[in-house]
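Trainee: Structure: structure22.cif, mmCIF, C-alpha atoms and all ligand atoms.
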data_final
loop_
_atom_site.label_atom_id
_atom_site.label_comp_id
_atom_site.auth_asym_id
_atom_site.auth_seq_id
_atom_site.Cartn_x
_atom_site.Cartn_y
_atom_site.Cartn_z
CA MET B 1 44.60 63.61 9.28
CA PRO B 2 47.30 63.11 6.65
CA GLN B 3 46.38 61.91 3.18
CA GLU B 4 45.56 58.26 2.84
CA LEU B 5 47.78 55.75 1.08
CA HIS B 6 45.51 53.89 -1.25
CA TYR B 7 47.46 50.67 -1.39
CA LEU B 8 45.78 47.29 -1.37
CA LYS B 9 46.52 44.63 1.22
CA GLN B 10 48.21 41.37 0.24
CA THR B 11 45.94 38.34 0.06
CA ALA B 12 46.81 36.05 2.97
CA SER B 13 48.51 32.75 2.23
CA GLN B 14 46.83 29.48 3.19
CA THR B 15 48.20 25.96 3.18
CA ALA B 16 48.17 24.03 -0.09
CA GLY B 17 46.65 21.17 1.89
CA PRO B 18 46.88 17.41 1.35
CA TYR B 19 45.08 17.52 -2.02
CA VAL B 20 47.27 20.09 -3.74
CA HIS B 21 47.94 17.48 -6.42
CA ILE B 22 44.39 17.76 -7.76
CA GLY B 23 45.02 21.30 -8.87
CA LEU B 24 48.73 21.33 -9.62
CA ALA B 25 49.58 17.74 -10.55
CA PRO B 26 46.36 15.80 -11.28
CA HIS B 27 48.23 12.69 -12.45
CA ALA B 28 49.68 12.37 -8.95
CA ALA B 29 46.16 12.68 -7.51
CA GLY B 30 45.22 9.71 -9.66
CA PHE B 31 43.38 11.09 -12.69
CA ASP B 32 43.87 12.60 -16.11
CA ILE B 33 42.06 15.81 -17.02
CA PHE B 34 44.26 18.32 -18.87
CA GLN B 35 45.70 17.89 -22.33
CA ASN B 36 48.88 19.70 -21.34
CA ASN B 37 50.36 18.94 -17.92
CA PHE B 38 53.06 20.95 -16.21
CA SER B 39 55.84 18.66 -15.13
CA ASN B 40 59.20 18.04 -13.56
CA VAL B 41 60.96 17.93 -16.93
CA LEU B 42 62.52 21.31 -17.70
CA ALA B 43 64.95 20.23 -20.41
CA GLY B 44 63.77 19.05 -23.81
CA ALA B 45 65.71 17.40 -26.62
CA GLY B 46 66.96 20.75 -27.90
CA THR B 47 67.88 22.37 -24.60
CA ARG B 48 71.51 23.43 -24.36
CA GLY B 49 73.75 22.73 -21.40
CA GLU B 50 74.80 19.93 -19.12
CA ARG B 51 71.94 17.53 -18.37
CA ILE B 52 71.37 16.98 -14.69
CA VAL B 53 68.85 15.38 -12.40
CA ILE B 54 67.94 17.17 -9.20
CA GLU B 55 66.40 14.91 -6.60
CA GLY B 56 65.79 14.80 -2.91
CA ARG B 57 63.29 14.55 -0.15
CA VAL B 58 61.61 17.02 2.17
CA PHE B 59 61.85 16.03 5.85
CA ASP B 60 59.78 17.13 8.83
CA GLY B 61 61.06 17.82 12.36
CA THR B 62 61.20 14.10 13.22
CA GLY B 63 63.20 13.25 10.11
CA THR B 64 60.20 11.67 8.40
CA PRO B 65 59.85 12.33 4.66
CA VAL B 66 57.01 14.70 3.79
CA ARG B 67 55.33 12.51 1.20
CA ASP B 68 52.69 15.01 0.20
CA ALA B 69 55.06 17.90 -0.52
CA LEU B 70 55.04 19.77 -3.81
CA VAL B 71 58.24 21.43 -4.99
CA GLU B 72 58.73 24.01 -7.74
CA ILE B 73 62.03 25.26 -9.11
CA TRP B 74 63.02 28.32 -11.14
CA GLN B 75 66.42 28.73 -12.69
CA ALA B 76 68.52 30.44 -15.33
CA ASN B 77 69.53 28.63 -18.51
CA SER B 78 72.98 27.15 -19.05
CA PHE B 79 74.30 30.57 -20.12
CA GLY B 80 73.11 32.17 -16.89
CA ARG B 81 70.09 34.02 -18.24
CA TYR B 82 66.47 33.85 -17.10
CA ASN B 83 63.76 33.39 -19.68
CA HIS B 84 61.93 36.53 -18.55
CA PRO B 85 61.66 40.09 -19.89
CA ALA B 86 63.25 41.60 -16.76
CA ASP B 87 66.53 39.78 -17.44
CA THR B 88 68.42 41.94 -19.94
CA GLN B 89 71.89 40.49 -19.33
CA ASP B 90 73.89 40.26 -22.52
CA LYS B 91 73.72 36.45 -22.70
CA GLU B 92 72.04 33.95 -24.95
CA LEU B 93 68.43 32.99 -24.44
CA ASP B 94 67.60 29.34 -24.99
CA PRO B 95 64.18 29.07 -26.69
CA GLU B 96 64.06 25.42 -25.59
CA PHE B 97 64.22 26.26 -21.90
CA ARG B 98 61.63 28.01 -19.74
CA GLY B 99 63.47 27.28 -16.52
CA TRP B 100 60.49 26.30 -14.41
CA GLY B 101 59.28 22.92 -13.21
CA ARG B 102 56.98 21.34 -10.68
CA ALA B 103 57.31 17.99 -8.92
CA ALA B 104 55.11 16.15 -6.47
CA ALA B 105 56.94 14.00 -3.95
CA ASP B 106 56.38 10.28 -4.37
CA PHE B 107 53.61 9.12 -2.00
CA ASN B 108 55.70 6.10 -0.92
CA THR B 109 59.28 7.30 -0.84
CA GLY B 110 58.87 11.07 -0.58
CA VAL B 111 61.41 11.56 -3.39
CA TYR B 112 60.98 14.45 -5.80
CA THR B 113 62.94 14.69 -9.08
CA PHE B 114 63.63 17.22 -11.83
CA ASP B 115 65.24 16.70 -15.23
CA THR B 116 66.98 19.91 -16.13
CA VAL B 117 70.27 21.50 -17.13
CA LYS B 118 72.84 23.07 -14.88
CA PRO B 119 72.29 26.85 -14.80
CA GLY B 120 75.07 29.30 -15.55
CA PRO B 121 76.02 32.05 -13.11
CA VAL B 122 73.76 35.13 -13.00
CA ILE B 123 74.87 38.67 -12.17
CA GLY B 124 73.67 39.67 -8.72
CA ARG B 125 73.19 43.00 -7.03
CA HIS B 126 75.85 45.66 -7.57
CA GLY B 127 77.33 43.57 -10.36
CA ARG B 128 78.52 40.80 -8.05
CA PRO B 129 78.19 37.43 -9.74
CA MET B 130 76.13 34.80 -7.98
CA ALA B 131 77.20 31.17 -8.03
CA PRO B 132 74.98 28.91 -10.15
CA HIS B 133 71.83 28.16 -8.20
CA VAL B 134 68.23 27.07 -8.49
CA SER B 135 65.39 28.82 -6.67
CA VAL B 136 63.23 26.33 -4.78
CA TRP B 137 59.70 26.75 -3.40
CA VAL B 138 58.06 24.15 -1.16
CA VAL B 139 54.42 23.78 -0.20
CA ALA B 140 52.54 21.00 1.59
CA ARG B 141 49.85 20.30 4.11
CA GLY B 142 50.99 21.95 7.34
CA ILE B 143 53.00 24.64 5.55
CA ASN B 144 51.02 27.85 5.96
CA ILE B 145 53.07 29.93 3.58
CA GLY B 146 55.33 28.61 0.82
CA LEU B 147 58.98 28.23 1.82
CA ASN B 148 61.69 29.73 -0.39
CA THR B 149 65.23 28.50 -0.53
CA ARG B 150 68.06 28.09 -3.04
CA MET B 151 69.96 25.03 -4.15
CA TYR B 152 73.67 25.52 -4.91
CA PHE B 153 76.05 23.04 -6.54
CA ALA B 154 78.54 21.61 -4.05
CA ASP B 155 81.24 21.17 -6.69
CA GLU B 156 81.28 24.91 -7.51
CA THR B 157 83.61 25.56 -4.59
CA ALA B 158 85.16 28.82 -5.76
CA ALA B 159 81.91 30.38 -6.99
CA ASN B 160 80.08 29.32 -3.84
CA GLY B 161 82.83 30.83 -1.69
CA ALA B 162 82.24 34.21 -3.34
CA ASP B 163 78.44 34.02 -3.53
CA PRO B 164 76.79 37.05 -1.92
CA VAL B 165 73.80 35.07 -0.66
CA LEU B 166 75.69 32.11 0.82
CA ASN B 167 77.96 34.61 2.55
CA LEU B 168 74.99 36.22 4.23
CA ILE B 169 74.44 33.04 6.22
CA GLU B 170 76.22 33.83 9.44
CA LEU B 171 76.64 30.32 10.73
CA GLU B 172 78.99 28.69 8.28
CA SER B 173 77.74 25.25 9.21
CA ARG B 174 74.29 26.18 7.93
CA ARG B 175 75.56 27.15 4.47
CA LYS B 176 75.98 23.51 3.59
CA THR B 177 72.21 22.97 3.92
CA LEU B 178 71.96 24.69 0.52
CA LEU B 179 74.64 22.62 -1.21
CA ALA B 180 73.61 19.69 -3.39
CA ALA B 181 76.19 16.93 -3.76
CA ARG B 182 77.04 15.65 -7.24
CA SER B 183 77.05 11.96 -8.07
CA GLU B 184 76.58 9.78 -11.12
CA ARG B 185 74.02 7.04 -11.59
CA ASP B 186 73.30 5.07 -14.75
CA GLY B 187 75.30 7.59 -16.74
CA LYS B 188 73.30 10.52 -15.40
CA VAL B 189 74.58 13.39 -13.31
CA VAL B 190 72.51 13.60 -10.14
CA TYR B 191 72.50 16.42 -7.61
CA THR B 192 70.88 15.46 -4.32
CA PHE B 193 69.10 18.22 -2.47
CA ASP B 194 67.31 17.20 0.72
CA ILE B 195 65.24 19.87 2.41
CA HIS B 196 64.80 19.80 6.19
CA LEU B 197 61.86 21.84 7.39
CA GLN B 198 63.02 21.61 10.99
CA GLY B 199 65.60 19.95 13.23
CA ASP B 200 69.40 19.80 13.48
CA GLN B 201 69.87 20.06 9.75
CA GLU B 202 67.16 22.67 9.15
CA THR B 203 67.52 24.17 5.67
CA VAL B 204 68.12 27.90 5.40
CA PHE B 205 64.87 29.48 4.17
CA PHE B 206 64.62 33.01 2.89
CA ASP B 207 62.27 35.89 3.47
CA VAL B 208 62.60 37.15 -0.03
CA MET F 1 55.46 44.67 -17.48
CA ALA F 2 55.17 47.46 -14.93
CA GLY F 3 57.95 47.54 -12.38
CA ALA F 4 59.14 44.12 -13.44
CA LYS F 5 62.74 45.07 -12.93
CA SER F 6 62.38 46.43 -9.44
CA GLU F 7 62.27 44.76 -6.08
CA PHE F 8 59.11 43.45 -4.56
CA ILE F 9 57.66 44.97 -1.43
CA ALA F 10 58.20 42.61 1.50
CA TRP F 11 55.67 40.00 2.56
CA ASP F 12 53.36 41.71 5.05
CA ARG F 13 53.86 39.32 7.94
CA THR F 14 51.05 40.97 9.94
CA LEU F 15 48.60 39.47 7.42
CA HIS F 16 50.10 36.09 6.59
CA PRO F 17 50.08 33.14 8.96
CA ALA F 18 53.21 32.26 10.88
CA ALA F 19 54.84 28.92 10.04
CA PHE F 20 54.34 27.48 13.53
CA THR F 21 50.64 27.50 14.46
CA PRO F 22 49.95 24.75 17.02
CA THR F 23 46.16 24.94 16.68
CA TYR F 24 46.67 23.69 13.11
CA LYS F 25 48.50 20.63 14.32
CA THR F 26 50.24 19.52 11.13
CA SER F 27 52.22 22.78 11.13
CA VAL F 28 54.04 21.84 14.33
CA LEU F 29 56.59 19.50 12.70
CA ARG F 30 56.56 21.19 9.32
CA SER F 31 57.58 24.70 10.39
CA PRO F 32 61.14 26.04 10.44
CA ARG F 33 62.46 27.04 13.85
CA HIS F 34 65.19 29.36 12.60
CA ALA F 35 64.29 32.88 11.55
CA LEU F 36 63.95 33.28 7.79
CA LEU F 37 66.99 34.97 6.28
CA SER F 38 65.99 38.28 4.72
CA LEU F 39 67.34 38.72 1.24
CA HIS F 40 67.34 41.70 -1.10
CA ASN F 41 65.84 40.76 -4.45
CA SER F 42 68.16 39.90 -7.31
CA LEU F 43 67.30 38.77 -10.83
CA SER F 44 66.57 35.34 -9.37
CA GLU F 45 63.62 36.76 -7.44
CA VAL F 46 62.14 39.37 -9.79
CA THR F 47 61.93 36.93 -12.69
CA GLY F 48 59.58 33.96 -12.94
CA PRO F 49 57.97 31.63 -15.46
CA VAL F 50 55.85 33.02 -18.27
CA PHE F 51 52.89 30.95 -19.49
CA GLY F 52 51.10 31.16 -22.83
CA HIS F 53 47.43 30.78 -23.71
CA ASN F 54 48.38 27.87 -25.97
CA GLU F 55 49.30 25.84 -22.88
CA ILE F 56 45.75 25.98 -21.55
CA GLY F 57 42.87 23.96 -23.01
CA LEU F 58 39.53 25.51 -23.98
CA LEU F 59 37.66 23.73 -21.17
CA ASP F 60 40.32 24.18 -18.52
CA ASN F 61 38.33 26.97 -16.83
CA ASP F 62 35.04 25.09 -16.97
CA LEU F 63 34.83 22.60 -14.11
CA ILE F 64 31.25 21.79 -15.08
CA ARG F 65 32.44 20.41 -18.40
CA ASN F 66 36.12 19.55 -18.13
CA TYR F 67 35.55 16.12 -16.58
CA ALA F 68 31.92 15.50 -17.58
CA LYS F 69 31.45 11.89 -18.68
CA SER F 70 27.73 11.16 -18.70
CA GLY F 71 26.25 14.55 -17.79
CA ASP F 72 26.84 17.62 -15.64
CA PRO F 73 28.18 17.32 -12.09
CA ILE F 74 25.74 17.56 -9.19
CA GLY F 75 25.69 20.82 -7.26
CA GLU F 76 24.96 24.52 -7.26
CA ARG F 77 26.23 26.00 -10.50
CA ILE F 78 28.42 29.03 -9.84
CA ILE F 79 30.81 31.37 -11.59
CA VAL F 80 33.85 32.66 -9.75
CA HIS F 81 35.48 35.76 -11.15
CA GLY F 82 37.75 38.59 -10.11
CA ARG F 83 41.05 40.28 -10.73
CA VAL F 84 44.62 39.58 -9.80
CA LEU F 85 46.16 42.87 -8.70
CA ASP F 86 49.30 43.95 -6.94
CA GLU F 87 49.45 46.11 -3.82
CA MET F 88 49.65 49.26 -5.92
CA GLY F 89 46.34 48.31 -7.50
CA ARG F 90 48.02 47.47 -10.80
CA PRO F 91 46.53 44.53 -12.69
CA VAL F 92 48.68 41.41 -12.98
CA PRO F 93 48.08 40.45 -16.62
CA LYS F 94 48.75 37.11 -18.33
CA THR F 95 49.46 35.24 -15.15
CA LEU F 96 48.54 31.62 -14.50
CA VAL F 97 45.77 31.01 -11.97
CA GLU F 98 45.03 27.41 -10.94
CA PHE F 99 42.20 26.22 -8.70
CA TRP F 100 41.01 22.99 -7.14
CA GLN F 101 38.18 21.96 -4.86
CA ALA F 102 36.02 19.21 -3.43
CA ASN F 103 32.76 18.28 -5.18
CA ALA F 104 29.34 19.40 -3.97
CA ALA F 105 29.37 16.66 -1.33
CA GLY F 106 32.75 17.69 0.07
CA ARG F 107 34.73 14.83 -1.47
CA TYR F 108 37.96 15.26 -3.42
CA ARG F 109 38.96 13.26 -6.46
CA HIS F 110 42.24 12.22 -4.87
CA LYS F 111 43.59 8.80 -4.05
CA LYS F 112 44.32 9.91 -0.47
CA ASP F 113 40.82 11.25 0.26
CA THR F 114 38.78 8.58 2.08
CA TYR F 115 35.83 10.70 3.26
CA LEU F 116 32.62 8.67 2.97
CA ALA F 117 30.82 11.23 0.77
CA PRO F 118 30.59 10.06 -2.86
CA ILE F 119 32.89 10.86 -5.75
CA ASP F 120 30.96 12.60 -8.54
CA PRO F 121 31.69 10.72 -11.77
CA ASN F 122 31.30 13.95 -13.75
CA PHE F 123 33.49 16.19 -11.63
CA GLY F 124 37.29 16.38 -11.65
CA GLY F 125 37.62 19.38 -9.36
CA CYS F 126 40.41 21.38 -10.93
CA GLY F 127 40.92 24.04 -13.53
CA ARG F 128 43.15 26.89 -14.60
CA THR F 129 43.18 30.03 -16.62
CA ILE F 130 45.41 32.95 -17.57
CA THR F 131 44.43 36.50 -16.58
CA ASP F 132 43.70 38.97 -19.36
CA GLU F 133 45.30 42.41 -19.90
CA ASN F 134 43.34 43.77 -16.92
CA GLY F 135 44.27 40.94 -14.59
CA TYR F 136 40.75 39.54 -14.93
CA TYR F 137 39.94 35.85 -14.66
CA TYR F 138 36.80 33.72 -14.40
CA PHE F 139 35.79 30.11 -14.25
CA ARG F 140 32.65 28.03 -13.89
CA THR F 141 32.14 25.25 -11.36
CA VAL F 142 29.78 23.83 -8.76
CA LYS F 143 29.91 25.05 -5.19
CA PRO F 144 32.12 22.74 -3.11
CA GLY F 145 30.75 21.15 0.06
CA PRO F 146 32.30 21.40 3.53
CA TYR F 147 34.19 18.33 4.74
CA PRO F 148 35.46 16.88 8.02
CA TRP F 149 39.16 16.36 8.80
CA ARG F 150 41.28 15.17 11.69
CA ASN F 151 42.74 18.11 13.52
CA TYR F 152 40.73 17.88 16.66
CA ILE F 153 38.70 14.65 16.86
CA ASN F 154 36.53 16.17 14.22
CA SER F 155 37.05 19.54 12.58
CA TRP F 156 35.15 20.81 9.55
CA ARG F 157 36.52 22.85 6.70
CA PRO F 158 34.18 25.56 5.47
CA ALA F 159 33.35 25.29 1.77
CA HIS F 160 36.42 26.57 -0.06
CA ILE F 161 38.29 26.68 -3.34
CA HIS F 162 42.10 26.45 -3.36
CA PHE F 163 43.94 28.98 -5.55
CA SER F 164 47.50 29.05 -6.86
CA VAL F 165 48.81 32.24 -8.50
CA PHE F 166 52.17 33.14 -10.04
CA GLY F 167 52.62 36.88 -10.70
CA SER F 168 55.60 38.13 -12.68
CA GLY F 169 58.37 37.17 -10.22
CA PHE F 170 58.90 33.76 -8.63
CA VAL F 171 58.77 35.22 -5.11
CA GLN F 172 55.22 36.47 -5.67
CA ARG F 173 54.12 32.85 -5.80
CA LEU F 174 51.01 32.45 -3.66
CA ILE F 175 48.69 29.68 -2.61
CA THR F 176 45.52 30.60 -0.79
CA GLN F 177 41.89 29.55 -0.28
CA MET F 178 38.65 31.30 -1.11
CA TYR F 179 35.65 31.00 1.21
CA PHE F 180 31.98 31.79 0.62
CA GLU F 181 30.02 34.63 2.18
CA GLY F 182 27.78 33.59 5.04
CA ASP F 183 29.41 30.23 5.86
CA PRO F 184 29.16 29.67 9.65
CA LEU F 185 32.13 27.27 9.55
CA ILE F 186 34.59 30.03 8.63
CA PRO F 187 35.13 31.49 12.12
CA ILE F 188 35.65 28.07 13.72
CA CYS F 189 38.09 26.63 11.16
CA PRO F 190 41.60 25.97 12.55
CA ILE F 191 43.13 26.62 9.11
CA VAL F 192 41.34 29.95 8.67
CA ASN F 193 42.32 30.92 12.19
CA VAL F 194 46.07 30.73 11.57
CA ILE F 195 45.63 34.12 9.87
CA PRO F 196 46.46 36.69 12.52
CA ASP F 197 44.31 39.51 11.17
CA LYS F 198 40.49 39.52 11.04
CA ALA F 199 40.37 41.85 8.04
CA ALA F 200 42.79 39.55 6.17
CA VAL F 201 40.37 36.66 6.78
CA ASP F 202 37.49 38.77 5.49
CA ARG F 203 39.44 39.38 2.29
CA LEU F 204 39.43 35.62 1.64
CA ILE F 205 35.63 35.54 1.72
CA ALA F 206 34.00 35.94 -1.68
CA PRO F 207 30.73 37.86 -1.67
CA LEU F 208 27.74 36.75 -3.69
CA ASP F 209 27.77 38.91 -6.83
CA MET F 210 24.20 39.14 -8.11
CA ASN F 211 25.22 41.56 -10.87
CA GLU F 212 27.18 38.87 -12.63
CA GLN F 213 24.83 35.92 -12.12
CA VAL F 214 23.69 34.15 -15.26
CA PRO F 215 19.87 34.28 -15.15
CA MET F 216 18.24 30.87 -14.84
CA ASP F 217 21.69 29.25 -14.87
CA SER F 218 24.40 30.16 -12.32
CA LEU F 219 25.05 32.25 -9.24
CA CYS F 220 28.27 34.22 -9.09
CA TYR F 221 30.95 34.96 -6.50
CA ARG F 222 33.66 37.63 -6.76
CA PHE F 223 37.20 37.00 -5.54
CA ASP F 224 40.04 39.47 -6.06
CA ILE F 225 43.58 38.41 -5.27
CA VAL F 226 46.33 40.85 -4.29
CA LEU F 227 49.97 39.89 -4.80
CA ARG F 228 53.03 41.73 -3.52
CA GLY F 229 53.68 44.92 -5.43
CA SER F 230 56.98 46.09 -6.81
CA ARG F 231 58.61 49.36 -5.90
CA SER F 232 58.80 52.22 -8.36
CA THR F 233 62.38 52.71 -9.45
CA LEU F 234 62.55 56.48 -8.90
CA PHE F 235 66.02 56.12 -7.43
CA GLU F 236 67.13 52.85 -8.81
CA ASN F 237 68.93 50.39 -6.60
CA ARG F 238 70.45 48.37 -9.40
CA LEU F 239 69.74 44.67 -9.36
CA GLU F 240 72.41 43.96 -11.94
CA GLY F 241 75.34 45.51 -13.75
CA ASN F 242 77.62 48.40 -12.69
FE FE B 301 40.59 21.71 0.76
#
Can you give me the file's structure in the form of structure tokens?
Ligand SMILES: [Fe+2]
Mentor:
Amino acid sequence: MPQELHYLKQTASQTAGPYVHIGLAPHAAGFDIFQNNFSNVLAGAGTRGERIVIEGRVFDGTGTPVRDALVEIWQANSFGRYNHPADTQDKELDPEFRGWGRAAADFNTGVYTFDTVKPGPVIGRHGRPMAPHVSVWVVARGINIGLNTRMYFADETAANGADPVLNLIELESRRKTLLAARSERDGKVVYTFDIHLQGDQETVFFDV
Amino acid sequence: MAGAKSEFIAWDRTLHPAAFTPTYKTSVLRSPRHALLSLHNSLSEVTGPVFGHNEIGLLDNDLIRNYAKSGDPIGERIIVHGRVLDEMGRPVPKTLVEFWQANAAGRYRHKKDTYLAPIDPNFGGCGRTITDENGYYYFRTVKPGPYPWRNYINSWRPAHIHFSVFGSGFVQRLITQMYFEGDPLIPICPIVNVIPDKAAVDRLIAPLDMNEQVPMDSLCYRFDIVLRGSRSTLFENRLEGN
């Protein structure tokens, strides 16, 4: 017998279930319990960068909005740096920006929203720059293990064309599932990012 | 933060449920049909949000008191404690752990829960804490009740507590459920049974921990959580720069 590897085994994932809001967004569940609530607002008054709204819906295989989905995002600041000790890029940190937010889909419309700033580009592996993007994580009843994807900005044509992750997607037609279109509404810049769990427009999800 | 700059070890897909699990019916239309695209970690994956103790209230880890209006909630008083570790056995310190559950009767405080069991006016059903230097966490609550749900005409969930954990990188993000030792509903639960590995199910079952009971007050259950580990960087595969 060879020596044993004394590693531990990963704890198995389980669905967040229909009542995920109780734990992660109690206001959405219908009650008030914590003094400080995590929210879908990432950018405060002092945050630097271009203000944007990210919004969209999560759809199931029949095209029906998943109204009990919960979405979290993680992104770099407007200079392209993550607020985390492992990011040692020589760029400015923004003390007014953590870069993380959480949104429950609306129970009637299925729409989720984030108020944030547009991230700058981050250096990727082997020094190749990545186009500006937002990491997205989706959980809901019926999702056994959280789904990871990335949202890119459709108007960043040149950067997207050179992005090492978008270029990994073999089928070019599927790359567009990660592109959020820019529009303006009531003086706000809105990027629309719909996520399709299944079907003709299925979003590219990552094993990452 | 140990290994924070190195890649995470892959999800062990032999232990985690697949996306498409027809015996848990809701998964059928909510599961991707394409293969997931495997991606080497970059800075976007090895970084993640950092939370501070100042963001958490003093009663946030006390579900017996954090929603008490006119007295304590009904139910068996219990303490749940354990460590958040990574696969290498390293503690995951200062990470946010959130939990939510039904009350002792199996009813959730949620506008979409219509189960006929009563709401407990003194029980909210959620809490959160941040692990200490050793990855240790604990909270106090009442034992949740089992509840019925529509999967087959009538299925029953074993008593369980939902957990959400962060880790140091966003791709360690994990949601899971803790079950209680000795519950006969565990082996017949369609949601438990999406896990393809019997030992992985056993690791979701918290044993009664009589060493850490509070005499004449509360029983105790122990639940350790293991997140993906990160590789040692003996021969560094650079995530950034040159
Ligand atoms: Fe539950």
Trainee: Given all atoms listed in the file as the basis, pick out the residue of B:Val139, B:Ala28, B:Ile22, B:Ala69 nearest to ligand FE 301 (chain B).
Mentor: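 Smallest separation from ligand FE 301 (chain B) among the options: B:Ile22.
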Trainee: Point out the residue among F:Thr176, F:Asn54, F:Ser168, F:Ser70 with the least atom-to-atom distance to chain B, counting only C-alpha atoms.
Mentor: F:Thr176
Trainee: Quick one, how far is CA of Glu96 (chain B) from CA of Thr47 (chain B)?
Mentor: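 Rounded to one decimal, the two atoms are 5.0 Å apart.
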Trainee: Residues at most 9 Å from ligand FE 301 (chain B), using all atoms listed in the file? Could they come as a ChimeraX atom specification?
Mentor: /B:16-20 /F:100-102,106,108,146-147,157-162,177
Trainee: Between F:Asp183, F:Leu239, F:Asn151, F:Phe139, which residue has the minimum interatomic distance to chain B, considering all atoms listed in the file?
Mentor: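 Smallest distance to chain B is found for F:Leu239.
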Trainee: Just the residues within 12 Å of Asp202 (chain F), please, counting only C-alpha atoms, with nothing from its chain fewer than 4 positions along; format it as a list of chain:residue names.
Mentor: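 Counting only C-alpha atoms, the residues come to B:Lys9, B:Thr11, B:Ala12, F:Leu15, F:Gln177, F:Met178, F:Tyr179, F:Phe180, F:Glu181, F:Gly182, F:Asp183, F:Ile186, F:Pro187, F:Val192, F:Asn193, F:Ile195, F:Pro196, F:Asp197, F:Lys198, F:Ala206, F:Pro207, F:Phe223, F:Asp224.
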Trainee: Calculate, to one decimal in Å, the centre and edge lengths of the box along x, y and z of the file that holds all listed atoms of region 88-100 of chain F with 8 Å of margin on each side, and present them as lines of an AutoDock Vina configuration file.
Mentor:
center_x = 45.3
center_y = 36.1
center_z = -12.1
size_x = 24.6
size_y = 42.3
size_z = 28.4
Trainee: Pick out the closest residue to chain F from this set: B:His126, B:Arg48, B:Arg57, B:His27. Count all atoms listed in the file.
Mentor: B:His126
Trainee: Name all residues at most 12 Å from Tyr152 (chain F) (count all atoms listed in the file; drop same-chain ones fewer than 4 positions away) and give them as a PyMOL selection string.
Mentor: chain F and resi 22-26+148+156-157+188-191
Trainee: Show which residues sit within 6 Å of region 195-199 of chain B, as a list of chain:residue names. Count all atoms listed in the file, and ignore same-chain residues fewer than 5 positions away.
Mentor: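 My list of contacting residues is B:Val58, B:Phe59, B:Asp60, B:Gly61, F:Arg30, F:Ser31, F:Pro32.
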Trainee: Grab the CA of Leu42 (chain B) to CA of Gly56 (chain B) distance for me, in Å with one decimal place.
Mentor: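 Between these atoms lies a distance of 16.5 Å.
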Trainee: Using all atoms listed in the file, which of F:Ser232, F:Gln172, F:Thr141, F:Thr14 sits nearest Gly125 (chain F)?
Mentor: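 Checking each candidate against Gly125 (chain F), we get F:Thr141 as the closest.
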